[in-house]
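Trainee: See input-v4.cif below, with mmCIF, C-alpha atoms.
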data_upload
#
loop_
_atom_site.label_atom_id
_atom_site.label_comp_id
_atom_site.auth_asym_id
_atom_site.auth_seq_id
_atom_site.Cartn_x
_atom_site.Cartn_y
_atom_site.Cartn_z
CA MET R 1 3.11 -17.92 -3.20
CA SER R 2 4.29 -18.50 0.37
CA SER R 3 6.84 -15.71 -0.13
CA LEU R 4 3.96 -13.22 -0.13
CA ILE R 5 3.44 -13.77 3.60
CA ASP R 6 6.86 -15.09 4.58
CA THR R 7 8.90 -12.16 3.22
CA SER R 8 8.19 -8.46 3.02
CA VAL R 9 9.13 -5.48 0.86
CA ARG R 10 8.68 -1.78 1.48
CA TYR R 11 6.22 -1.23 -1.37
CA ASP R 12 4.10 -4.36 -1.71
CA LEU R 13 1.86 -4.25 -4.77
CA ALA R 14 1.50 -8.03 -4.72
CA GLU R 15 -0.74 -7.93 -1.65
CA SER R 16 -4.36 -8.79 -2.44
CA THR R 17 -6.15 -7.59 0.69
CA CYS R 18 -7.59 -4.35 1.98
CA PRO R 19 -5.85 -2.78 5.02
CA ALA R 20 -5.95 -5.05 8.06
CA LEU R 21 -8.53 -4.35 10.75
CA ARG R 22 -7.41 -3.68 14.31
CA LEU R 23 -9.03 -5.59 17.14
CA ASP R 24 -10.23 -2.39 18.80
CA GLU R 25 -12.10 -1.46 15.61
CA ILE R 26 -14.55 -4.32 16.10
CA VAL R 27 -14.67 -5.12 19.84
CA ASP R 28 -13.57 -3.88 23.23
CA PRO R 29 -10.59 -6.18 23.87
CA THR R 30 -11.32 -6.21 27.59
CA GLY R 31 -14.72 -7.74 26.84
CA LEU R 32 -13.03 -10.88 25.51
CA ALA R 33 -11.68 -11.74 28.93
CA ALA R 34 -14.86 -13.63 29.86
CA LEU R 35 -14.87 -15.74 26.69
CA THR R 36 -14.53 -19.45 27.46
CA LEU R 37 -12.09 -21.23 25.17
CA GLY R 38 -13.83 -24.58 24.89
CA TYR R 39 -14.62 -26.44 21.70
CA GLY R 40 -17.02 -24.91 19.25
CA THR R 41 -19.41 -26.96 17.12
CA SER R 42 -18.52 -28.65 13.85
CA PRO R 43 -20.84 -26.40 11.75
CA GLY R 44 -19.50 -23.30 13.53
CA ASP R 45 -20.83 -20.46 15.68
CA ALA R 46 -24.60 -20.10 15.32
CA GLU R 47 -24.65 -16.29 15.26
CA LEU R 48 -21.92 -16.08 12.65
CA ARG R 49 -23.63 -18.64 10.44
CA ALA R 50 -26.87 -16.67 10.72
CA LEU R 51 -25.06 -13.47 9.67
CA VAL R 52 -23.47 -15.23 6.67
CA ALA R 53 -26.83 -16.77 5.75
CA ALA R 54 -28.59 -13.40 5.80
CA ASP R 55 -25.88 -11.94 3.58
CA THR R 56 -25.90 -14.78 1.03
CA GLY R 57 -29.59 -15.67 0.85
CA VAL R 58 -29.47 -19.17 2.33
CA ARG R 59 -30.46 -20.68 5.69
CA PRO R 60 -28.06 -20.79 8.67
CA GLY R 61 -28.12 -24.59 8.49
CA GLN R 62 -26.67 -24.32 4.97
CA VAL R 63 -23.55 -22.43 6.13
CA LEU R 64 -20.43 -24.33 7.21
CA LEU R 65 -17.61 -22.31 8.81
CA THR R 66 -14.08 -23.19 7.69
CA THR R 67 -10.44 -22.18 8.15
CA GLY R 68 -10.48 -19.42 5.58
CA ALA R 69 -11.67 -19.89 2.01
CA ALA R 70 -8.63 -22.12 1.47
CA GLY R 71 -10.00 -24.51 4.08
CA ALA R 72 -13.38 -24.44 2.37
CA MET R 73 -11.80 -25.35 -0.98
CA SER R 74 -9.82 -28.17 0.64
CA LEU R 75 -12.91 -29.75 2.22
CA LEU R 76 -14.74 -29.64 -1.08
CA ALA R 77 -11.76 -31.05 -2.98
CA LEU R 78 -11.59 -33.90 -0.46
CA ASP R 79 -15.26 -34.70 -1.12
CA ARG R 80 -14.94 -34.49 -4.90
CA THR R 81 -11.96 -36.82 -5.37
CA PRO R 82 -11.30 -39.15 -7.03
CA GLY R 83 -12.73 -37.90 -10.30
CA ARG R 84 -12.14 -34.93 -12.54
CA VAL R 85 -12.05 -31.30 -11.50
CA LEU R 86 -12.39 -28.51 -14.03
CA VAL R 87 -10.80 -25.23 -12.95
CA VAL R 88 -11.51 -21.96 -14.74
CA GLY R 89 -8.34 -19.87 -14.69
CA PRO R 90 -6.61 -17.69 -14.00
CA CYS R 91 -7.20 -18.46 -10.37
CA PHE R 92 -5.84 -18.84 -6.86
CA PRO R 93 -3.29 -21.69 -7.41
CA PRO R 94 -4.56 -24.05 -4.65
CA THR R 95 -7.87 -24.23 -6.53
CA GLY R 96 -6.12 -26.72 -8.81
CA THR R 97 -3.12 -27.94 -6.83
CA VAL R 98 -5.10 -29.14 -3.80
CA PRO R 99 -7.44 -31.44 -5.81
CA ALA R 100 -4.45 -32.66 -7.81
CA GLY R 101 -2.59 -33.46 -4.60
CA LEU R 102 -5.59 -35.49 -3.43
CA GLY R 103 -5.56 -37.54 -6.61
CA ALA R 104 -8.06 -35.74 -8.83
CA ALA R 105 -7.46 -35.29 -12.53
CA VAL R 106 -7.49 -31.51 -13.01
CA ASP R 107 -8.50 -29.87 -16.28
CA VAL R 108 -7.77 -26.16 -16.63
CA VAL R 109 -9.68 -23.84 -18.96
CA SER R 110 -8.12 -20.40 -18.95
CA ALA R 111 -9.79 -17.11 -19.68
CA ARG R 112 -7.58 -14.70 -21.62
CA PHE R 113 -6.27 -11.22 -20.96
CA ASP R 114 -7.18 -10.19 -24.54
CA ASP R 115 -10.79 -11.26 -23.92
CA GLY R 116 -11.03 -9.31 -20.67
CA TYR R 117 -11.01 -12.56 -18.70
CA ARG R 118 -14.67 -13.24 -19.53
CA LEU R 119 -15.99 -16.73 -18.80
CA PRO R 120 -15.07 -19.05 -21.73
CA ILE R 121 -18.33 -21.02 -21.79
CA ASP R 122 -17.62 -22.91 -25.02
CA ALA R 123 -14.18 -23.98 -23.84
CA VAL R 124 -15.62 -25.15 -20.51
CA ALA R 125 -18.31 -27.14 -22.31
CA ALA R 126 -15.68 -28.81 -24.47
CA ARG R 127 -13.68 -30.02 -21.44
CA LEU R 128 -16.56 -31.39 -19.35
CA THR R 129 -16.77 -35.16 -19.17
CA GLY R 130 -18.99 -37.75 -17.57
CA THR R 131 -16.50 -38.02 -14.69
CA THR R 132 -16.29 -34.29 -13.95
CA ARG R 133 -17.34 -33.90 -10.31
CA LEU R 134 -16.42 -30.27 -9.68
CA VAL R 135 -16.26 -27.08 -11.75
CA SER R 136 -14.40 -24.35 -9.86
CA LEU R 137 -14.26 -20.63 -10.60
CA ALA R 138 -14.00 -17.31 -8.78
CA SER R 139 -16.16 -14.20 -9.17
CA PRO R 140 -14.60 -11.66 -8.87
CA GLN R 141 -11.51 -13.48 -10.02
CA ASN R 142 -8.21 -13.61 -8.24
CA PRO R 143 -6.06 -12.20 -9.92
CA SER R 144 -8.04 -10.02 -12.34
CA GLY R 145 -10.97 -8.72 -10.27
CA VAL R 146 -13.35 -9.53 -13.15
CA ARG R 147 -16.84 -10.44 -11.97
CA TYR R 148 -19.00 -12.86 -13.96
CA SER R 149 -22.50 -11.72 -14.81
CA GLY R 150 -25.64 -13.54 -13.75
CA GLU R 151 -26.15 -14.52 -17.39
CA GLU R 152 -22.67 -16.08 -17.57
CA LEU R 153 -23.24 -18.10 -14.40
CA ALA R 154 -26.66 -19.25 -15.64
CA ALA R 155 -25.11 -20.37 -18.93
CA LEU R 156 -22.43 -22.27 -17.04
CA LEU R 157 -25.00 -24.07 -14.89
CA ASP R 158 -26.96 -25.02 -18.01
CA VAL R 159 -23.82 -26.47 -19.62
CA VAL R 160 -22.90 -28.44 -16.49
CA ALA R 161 -26.42 -29.81 -16.18
CA GLU R 162 -26.46 -30.89 -19.82
CA ARG R 163 -22.98 -32.38 -20.12
CA ALA R 164 -21.56 -33.30 -16.71
CA ALA R 165 -22.05 -36.28 -14.46
CA PRO R 166 -25.24 -36.18 -12.36
CA ASP R 167 -23.38 -35.27 -9.17
CA ALA R 168 -21.15 -32.54 -10.66
CA ILE R 169 -21.30 -29.29 -8.71
CA VAL R 170 -20.10 -25.74 -9.33
CA LEU R 171 -17.96 -23.95 -6.76
CA VAL R 172 -18.12 -20.16 -6.97
CA ASP R 173 -15.37 -18.53 -4.92
CA GLU R 174 -16.90 -15.24 -3.77
CA THR R 175 -14.02 -14.08 -1.59
CA TYR R 176 -14.04 -10.63 -3.23
CA ARG R 177 -17.82 -10.27 -3.65
CA ALA R 178 -18.14 -7.64 -0.90
CA CYS R 179 -15.16 -5.67 -2.24
CA THR R 180 -16.80 -2.90 -4.30
CA TYR R 181 -15.88 0.61 -5.45
CA GLY R 182 -17.45 3.84 -4.29
CA ALA R 183 -21.22 3.69 -3.92
CA ALA R 184 -21.63 0.50 -5.96
CA PRO R 185 -23.81 -2.02 -4.07
CA VAL R 186 -22.54 -5.45 -3.10
CA PRO R 187 -24.02 -7.82 -5.72
CA PRO R 188 -26.08 -10.83 -4.65
CA SER R 189 -24.42 -14.14 -3.90
CA ALA R 190 -24.70 -17.11 -6.26
CA ALA R 191 -25.49 -19.29 -3.22
CA PRO R 192 -29.28 -19.65 -3.77
CA ARG R 193 -29.06 -20.24 -7.52
CA SER R 194 -29.13 -24.04 -7.49
CA PRO R 195 -28.41 -27.10 -5.32
CA ARG R 196 -25.55 -27.64 -7.76
CA VAL R 197 -23.92 -24.40 -6.58
CA VAL R 198 -21.61 -24.23 -3.58
CA THR R 199 -20.00 -20.90 -2.69
CA CYS R 200 -17.04 -20.08 -0.50
CA SER R 201 -15.82 -16.84 0.96
CA SER R 202 -13.93 -15.41 3.92
CA LEU R 203 -13.22 -12.32 5.98
CA SER R 204 -9.66 -12.09 4.66
CA LYS R 205 -9.90 -9.80 1.64
CA ALA R 206 -12.78 -7.32 1.60
CA HIS R 207 -13.04 -7.05 5.37
CA GLY R 208 -9.31 -6.98 6.06
CA ALA R 209 -9.24 -9.77 8.66
CA PRO R 210 -6.97 -12.50 7.21
CA GLY R 211 -5.50 -13.06 10.67
CA LEU R 212 -8.77 -14.60 11.83
CA ARG R 213 -8.40 -17.45 9.31
CA LEU R 214 -12.16 -17.61 9.00
CA GLY R 215 -14.17 -18.58 5.93
CA TRP R 216 -17.28 -20.50 5.01
CA LEU R 217 -19.10 -22.67 2.52
CA THR R 218 -22.75 -22.31 1.54
CA VAL R 219 -24.22 -25.69 0.62
CA THR R 220 -27.92 -26.02 -0.20
CA ASP R 221 -27.75 -29.77 -0.90
CA ALA R 222 -28.40 -31.38 2.50
CA GLU R 223 -26.52 -34.62 1.80
CA LEU R 224 -23.44 -32.79 0.53
CA TYR R 225 -23.55 -30.43 3.53
CA GLU R 226 -23.51 -33.35 5.94
CA ARG R 227 -20.54 -34.98 4.20
CA LEU R 228 -18.59 -31.73 4.33
CA ARG R 229 -19.51 -31.10 7.96
CA ASN R 230 -18.34 -34.60 8.86
CA ALA R 231 -15.09 -34.11 6.92
CA LYS R 232 -14.47 -30.89 8.86
CA PHE R 233 -15.13 -32.70 12.14
CA LEU R 234 -12.74 -35.52 11.25
CA THR R 235 -9.96 -33.14 10.23
CA SER R 236 -10.27 -30.30 12.76
CA ILE R 237 -13.22 -31.07 15.12
CA SER R 238 -14.31 -27.43 15.10
CA GLY R 239 -13.08 -23.96 14.28
CA ALA R 240 -11.29 -21.64 16.70
CA ARG R 241 -13.91 -20.29 19.09
CA ILE R 242 -12.25 -16.88 19.44
CA ASP R 243 -11.99 -16.48 15.65
CA GLU R 244 -15.70 -17.16 15.25
CA VAL R 245 -16.71 -14.71 17.98
CA LEU R 246 -14.55 -12.01 16.41
CA GLY R 247 -15.87 -12.93 12.95
CA ALA R 248 -19.41 -12.32 14.12
CA ALA R 249 -18.31 -8.93 15.45
CA VAL R 250 -16.91 -8.09 12.01
CA LEU R 251 -20.09 -9.06 10.17
CA ARG R 252 -22.31 -7.21 12.63
CA ARG R 253 -20.42 -4.05 11.63
CA GLN R 254 -20.02 -5.00 7.97
CA ARG R 255 -21.59 -1.87 6.49
CA GLU R 256 -19.47 0.56 8.44
CA ILE R 257 -16.34 -1.50 7.75
CA LEU R 258 -16.92 -1.88 4.01
CA ALA R 259 -18.11 1.65 3.13
CA PRO R 260 -14.83 3.51 3.76
CA ARG R 261 -12.92 0.70 2.08
CA ALA R 262 -15.08 1.00 -1.03
CA ALA R 263 -14.39 4.74 -1.13
CA PHE R 264 -10.66 4.12 -0.66
CA LEU R 265 -10.58 1.51 -3.45
CA ALA R 266 -12.41 3.83 -5.83
CA GLY R 267 -9.70 6.42 -5.24
CA THR R 268 -6.72 4.11 -5.65
CA LEU R 269 -8.25 2.49 -8.75
CA ALA R 270 -8.65 5.96 -10.27
CA THR R 271 -5.00 6.71 -9.44
CA LEU R 272 -3.92 3.44 -11.04
CA THR R 273 -6.04 4.05 -14.15
CA ALA R 274 -4.47 7.47 -14.62
CA TRP R 275 -0.99 5.96 -14.21
CA VAL R 276 -1.72 3.26 -16.81
CA GLU R 277 -2.49 5.94 -19.38
CA THR R 278 1.10 7.20 -19.10
CA ALA R 279 2.91 3.84 -19.26
CA PRO R 280 3.41 1.08 -21.87
CA VAL R 281 1.11 -1.30 -20.00
CA ASP R 282 -2.39 -2.65 -20.59
CA LEU R 283 -5.07 -3.02 -17.90
CA VAL R 284 -8.12 -5.24 -17.61
CA ARG R 285 -10.33 -3.03 -15.48
CA PRO R 286 -11.60 -4.95 -12.44
CA ASP R 287 -15.25 -5.14 -11.39
CA GLY R 288 -14.49 -5.85 -7.74
CA GLY R 289 -11.72 -6.74 -5.36
CA ALA R 290 -8.53 -4.98 -4.34
CA LEU R 291 -6.51 -6.34 -7.25
CA CYS R 292 -6.27 -6.40 -11.04
CA CYS R 293 -4.16 -7.66 -13.93
CA LEU R 294 -1.81 -5.53 -15.99
CA ARG R 295 0.39 -6.51 -18.92
CA LEU R 296 3.65 -5.09 -20.16
CA SER R 297 2.92 -3.94 -23.71
CA PRO R 298 3.97 -6.67 -26.18
CA GLU R 299 4.61 -3.98 -28.80
CA GLU R 300 7.09 -2.05 -26.66
CA ILE R 301 8.55 -4.66 -24.30
CA PRO R 302 9.51 -8.02 -25.88
CA ASP R 303 9.77 -11.22 -23.87
CA ARG R 304 13.55 -10.92 -23.53
CA ALA R 305 13.14 -7.62 -21.66
CA VAL R 306 10.59 -8.86 -19.09
CA PRO R 307 13.23 -10.15 -16.62
CA ALA R 308 14.68 -6.62 -16.47
CA PHE R 309 11.31 -5.38 -15.20
CA TYR R 310 11.31 -7.76 -12.23
CA ALA R 311 15.01 -7.22 -11.53
CA ARG R 312 14.54 -3.45 -11.32
CA LEU R 313 11.45 -3.85 -9.11
CA ALA R 314 13.48 -5.95 -6.67
CA GLU R 315 16.19 -3.29 -6.57
CA LEU R 316 13.50 -0.74 -5.70
CA ASP R 317 12.16 -2.86 -2.79
CA THR R 318 8.85 -3.22 -4.62
CA ARG R 319 6.98 -6.26 -5.92
CA VAL R 320 4.00 -7.40 -7.93
CA GLU R 321 2.81 -10.98 -8.43
CA PRO R 322 4.19 -12.46 -11.70
CA GLY R 323 1.72 -14.05 -14.09
CA GLY R 324 3.48 -17.40 -13.89
CA THR R 325 1.96 -17.87 -10.44
CA PHE R 326 -1.54 -18.03 -11.90
CA GLY R 327 -0.92 -19.56 -15.33
CA GLU R 328 -0.14 -16.48 -17.40
CA PRO R 329 3.16 -15.37 -18.98
CA ASP R 330 5.20 -13.17 -16.67
CA ARG R 331 4.57 -10.06 -18.77
CA VAL R 332 1.14 -10.19 -17.11
CA PHE R 333 1.18 -9.38 -13.40
CA ARG R 334 -1.24 -8.98 -10.54
CA LEU R 335 -1.27 -5.64 -8.80
CA GLY R 336 -2.98 -4.93 -5.50
CA PHE R 337 -4.34 -1.42 -5.01
CA GLY R 338 -6.07 -1.84 -1.65
CA HIS R 339 -3.28 -2.52 0.82
CA LEU R 340 -0.92 0.47 0.82
CA PRO R 341 -1.90 3.89 2.17
CA GLU R 342 -2.46 6.39 -0.65
CA PRO R 343 0.94 8.18 -0.34
CA ASP R 344 2.76 4.84 -0.34
CA PHE R 345 0.65 3.63 -3.25
CA ALA R 346 1.60 6.71 -5.28
CA GLU R 347 5.28 6.10 -4.50
CA ALA R 348 4.91 2.42 -5.41
CA LEU R 349 3.50 3.39 -8.81
CA THR R 350 6.47 5.70 -9.34
CA ARG R 351 8.80 2.79 -8.66
CA LEU R 352 6.70 0.51 -10.87
CA GLY R 353 7.08 3.08 -13.66
CA ALA R 354 10.86 3.04 -13.21
CA ALA R 355 10.86 -0.75 -13.58
CA VAL R 356 8.72 -0.53 -16.71
CA ASP R 357 11.17 2.04 -18.10
CA ALA R 358 14.08 -0.30 -17.34
CA ALA R 359 12.42 -3.04 -19.38
CA ALA R 360 11.65 -0.66 -22.23
CA THR R 361 15.28 0.50 -22.24
CA ARG R 362 16.51 -3.09 -22.34
CA ALA R 363 14.28 -3.65 -25.39
CA ARG R 364 15.99 -0.93 -27.41
#
Can you dump the structure from the file as structure tokens?

Mentor:
Amino acid sequence: MSSLIDTSVRYDLAESTCPALRLDEIVDPTGLAALTLGYGTSPGDAELRALVAADTGVRPGQVLLTTGAAGAMSLLALDRTPGRVLVVGPCFPPTGTVPAGLGAAVDVVSARFDDGYRLPIDAVAARLTGTTRLVSLASPQNPSGVRYSGEELAALLDVVAERAAPDAIVLVDETYRACTYGAAPVPPSAAPRSPRVVTCSSLSKAHGAPGLRLGWLTVTDAELYERLRNAKFLTSISGARIDEVLGAAVLRRQREILAPRAAFLAGTLATLTAWVETAPVDLVRPDGGALCCLRLSPEEIPDRAVPAFYARLAELDTRVEPGGTFGEPDRVFRLGFGHLPEPDFAEALTRLGAAVDAAATRAR
């Protein structure tokens, strides 16, 4: 996955963010000149934690700022190992690889394209054990953009409570929660649901500020919060003061930042949906986020022709994220529809169509 940020292509459909914010869209850069660059606190900037708390329905003292959502996941994985971690896929790969690298036994239960990536409750229940210490999932998912319903999350919590070890917790990655379409409201966070629930999120995706490297955990269990805060202190002392000040500026203007992005995403999703109707591909329609999963039609493009699709895309200076990155066959791919300007997105779809045609031709 490092190639997604370390290399570039002209038409990047693998990108999973909305367009990046500019500094002058959130603050007057000259006003930062008086900011002192001393240490912050281990929990993080008080104003930013209060803004996150108001948005998620918890108290400021239950918010821990982290280095992106990836940093949040790493702190939690550190706390939960050794033991077993159950990951609901498909998912952001470090969700499983980080706990495994720390010595956890990782069980993966994968939702399926054919089932619309709905939460496989029965399969999760079957894999829980007395040593399961963490159940990790994302809503909306990366890569599919499918959002789990309140009923699905409630059923999952019931299963964990009935079958898991007493200290097992559920991590809900809500990185794309604020990424909606059109006039659809941002749904409530899972943060207040139960002391067993920990959520993580960041400013990277919906808000378009991945360069701040700023995320957070919500933790309503006081003992767990203190362990995580101490782990953050021992590994990084505090977050970057300037990132946290700028993060607060983003969240203070959240409504005006998110509204035009929601309108933009509604338009590009409509463009993508219309394109899908003309091509031998299948789409699981996303519920949120700037990304979704498509699949080259198994009826028209056999496995032997899939490499031709990726080869032609590379020739056209265009890319998507192959399914192998997130535990699917490569005929499934992640496509981002929130990063490119609309004219570039239309051109990227034209090039994507040419790559699909190349694979279909190879199949004949």

Trainee: Considering only C-alpha atoms, return as an mmCIF file with C-alpha atoms, in the coordinates of the input whatever protein or nucleic-acid residues lie within 12 Å of Leu234 in chain R, sequence-local ones (same chain, fewer than 4 positions apart) excluded.

Mentor:
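Result saved to around.cif:
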data_model
loop_
_atom_site.group_PDB
_atom_site.id
_atom_site.type_symbol
_atom_site.label_atom_id
_atom_site.label_comp_id
_atom_site.auth_asym_id
_atom_site.auth_seq_id
_atom_site.Cartn_x
_atom_site.Cartn_y
_atom_site.Cartn_z
ATOM 1 C CA SER R 42 -18.520 -28.650 13.850
ATOM 2 C CA LEU R 75 -12.910 -29.750 2.220
ATOM 3 C CA LEU R 78 -11.590 -33.900 -0.460
ATOM 4 C CA ARG R 227 -20.540 -34.980 4.200
ATOM 5 C CA LEU R 228 -18.590 -31.730 4.330
ATOM 6 C CA ARG R 229 -19.510 -31.100 7.960
ATOM 7 C CA ASN R 230 -18.340 -34.600 8.860
ATOM 8 C CA SER R 238 -14.310 -27.430 15.100
ATOM 9 C CA GLY R 239 -13.080 -23.960 14.280
#

Trainee: Would you pick out the contacts of Arg133 in chain R at 9 Å or less, using all atoms listed in the file, so that residues sharing its chain but fewer than 5 positions from it are not included, and give the list as a list in words?

Mentor: Arg80, Thr81, Pro82, Gly83, Arg84, Val85, Leu86, Ala164, Ala165, Pro166, Asp167, Ala168, Ile169 and Val170 of chain R

Trainee: Output the selection as a compact mmCIF listing (two decimals), keeping the file's coordinate frame - C-alpha atoms for each residue.

Mentor:
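After the write, selection_28.txt holds the following:
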# COMPACT_ATOMS: atom_id res chain seq x y z
CA ARG R 80 -14.94 -34.49 -4.90
CA THR R 81 -11.96 -36.82 -5.37
CA PRO R 82 -11.30 -39.15 -7.03
CA GLY R 83 -12.73 -37.90 -10.30
CA ARG R 84 -12.14 -34.93 -12.54
CA VAL R 85 -12.05 -31.30 -11.50
CA LEU R 86 -12.39 -28.51 -14.03
CA ALA R 164 -21.56 -33.30 -16.71
CA ALA R 165 -22.05 -36.28 -14.46
CA PRO R 166 -25.24 -36.18 -12.36
CA ASP R 167 -23.38 -35.27 -9.17
CA ALA R 168 -21.15 -32.54 -10.66
CA ILE R 169 -21.30 -29.29 -8.71
CA VAL R 170 -20.10 -25.74 -9.33

Trainee: Taking only C-alpha atoms into account, which of R:Val197, R:Leu137, R:Leu349, R:Ile121 comes nearest Phe92 in chain R?

Mentor: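 Ranking R:Val197, R:Leu137, R:Leu349, R:Ile121 by distance to Phe92 in chain R, first place goes to R:Leu137.
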
Trainee: Can you tell me which residues surround Leu51 in chain R at a distance of at most 9 Å, considering all atoms listed in the file, apart from same-chain residues fewer than 2 positions away, and format the answer as a list of chain:residue names?

Mentor: R:Ala46, R:Glu47, R:Leu48, R:Arg49, R:Ala53, R:Ala54, R:Asp55, R:Thr56, R:Pro60, R:Ala248, R:Leu251, R:Arg252

Trainee: Write out as a PDB file with C-alpha atoms, in the frame of the given file each polymer residue whose atoms come within 8 Å of range 282-298 of chain R, counting all atoms listed in the file; drop sequence neighbours fewer than 3 positions from it.

Mentor:
ATOM      1  CA  SER R  16      -4.360  -8.790  -2.440  1.00  0.00           C
ATOM      2  CA  THR R  17      -6.150  -7.590   0.690  1.00  0.00           C
ATOM      3  CA  CYS R  18      -7.590  -4.350   1.980  1.00  0.00           C
ATOM      4  CA  PHE R 113      -6.270 -11.220 -20.960  1.00  0.00           C
ATOM      5  CA  GLY R 116     -11.030  -9.310 -20.670  1.00  0.00           C
ATOM      6  CA  TYR R 117     -11.010 -12.560 -18.700  1.00  0.00           C
ATOM      7  CA  PRO R 140     -14.600 -11.660  -8.870  1.00  0.00           C
ATOM      8  CA  ASN R 142      -8.210 -13.610  -8.240  1.00  0.00           C
ATOM      9  CA  PRO R 143      -6.060 -12.200  -9.920  1.00  0.00           C
ATOM     10  CA  SER R 144      -8.040 -10.020 -12.340  1.00  0.00           C
ATOM     11  CA  GLY R 145     -10.970  -8.720 -10.270  1.00  0.00           C
ATOM     12  CA  VAL R 146     -13.350  -9.530 -13.150  1.00  0.00           C
ATOM     13  CA  ARG R 147     -16.840 -10.440 -11.970  1.00  0.00           C
ATOM     14  CA  TYR R 176     -14.040 -10.630  -3.230  1.00  0.00           C
ATOM     15  CA  ARG R 177     -17.820 -10.270  -3.650  1.00  0.00           C
ATOM     16  CA  ALA R 178     -18.140  -7.640  -0.900  1.00  0.00           C
ATOM     17  CA  CYS R 179     -15.160  -5.670  -2.240  1.00  0.00           C
ATOM     18  CA  THR R 180     -16.800  -2.900  -4.300  1.00  0.00           C
ATOM     19  CA  TYR R 181     -15.880   0.610  -5.450  1.00  0.00           C
ATOM     20  CA  LYS R 205      -9.900  -9.800   1.640  1.00  0.00           C
ATOM     21  CA  ALA R 206     -12.780  -7.320   1.600  1.00  0.00           C
ATOM     22  CA  LEU R 265     -10.580   1.510  -3.450  1.00  0.00           C
ATOM     23  CA  VAL R 276      -1.720   3.260 -16.810  1.00  0.00           C
ATOM     24  CA  ILE R 301       8.550  -4.660 -24.300  1.00  0.00           C
ATOM     25  CA  PRO R 302       9.510  -8.020 -25.880  1.00  0.00           C
ATOM     26  CA  ASP R 303       9.770 -11.220 -23.870  1.00  0.00           C
ATOM     27  CA  VAL R 306      10.590  -8.860 -19.090  1.00  0.00           C
ATOM     28  CA  ARG R 331       4.570 -10.060 -18.770  1.00  0.00           C
ATOM     29  CA  VAL R 332       1.140 -10.190 -17.110  1.00  0.00           C
ATOM     30  CA  PHE R 333       1.180  -9.380 -13.400  1.00  0.00           C
ATOM     31  CA  ARG R 334      -1.240  -8.980 -10.540  1.00  0.00           C
ATOM     32  CA  LEU R 335      -1.270  -5.640  -8.800  1.00  0.00           C
ATOM     33  CA  GLY R 336      -2.980  -4.930  -5.500  1.00  0.00           C
ATOM     34  CA  PHE R 337      -4.340  -1.420  -5.010  1.00  0.00           C
ATOM     35  CA  GLY R 338      -6.070  -1.840  -1.650  1.00  0.00           C
ATOM     36  CA  HIS R 339      -3.280  -2.520   0.820  1.00  0.00           C
ATOM     37  CA  VAL R 356       8.720  -0.530 -16.710  1.00  0.00           C
TER      38      VAL R 356
END

Trainee: Just to confirm, what's the straight-line distance from CA of Asp221 in chain R to CA of Arg241 in chain R in Å (one decimal)?

Mentor: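 For CA of Asp221 in chain R relative to CA of Arg241 in chain R, the distance reads 26.1 Å.
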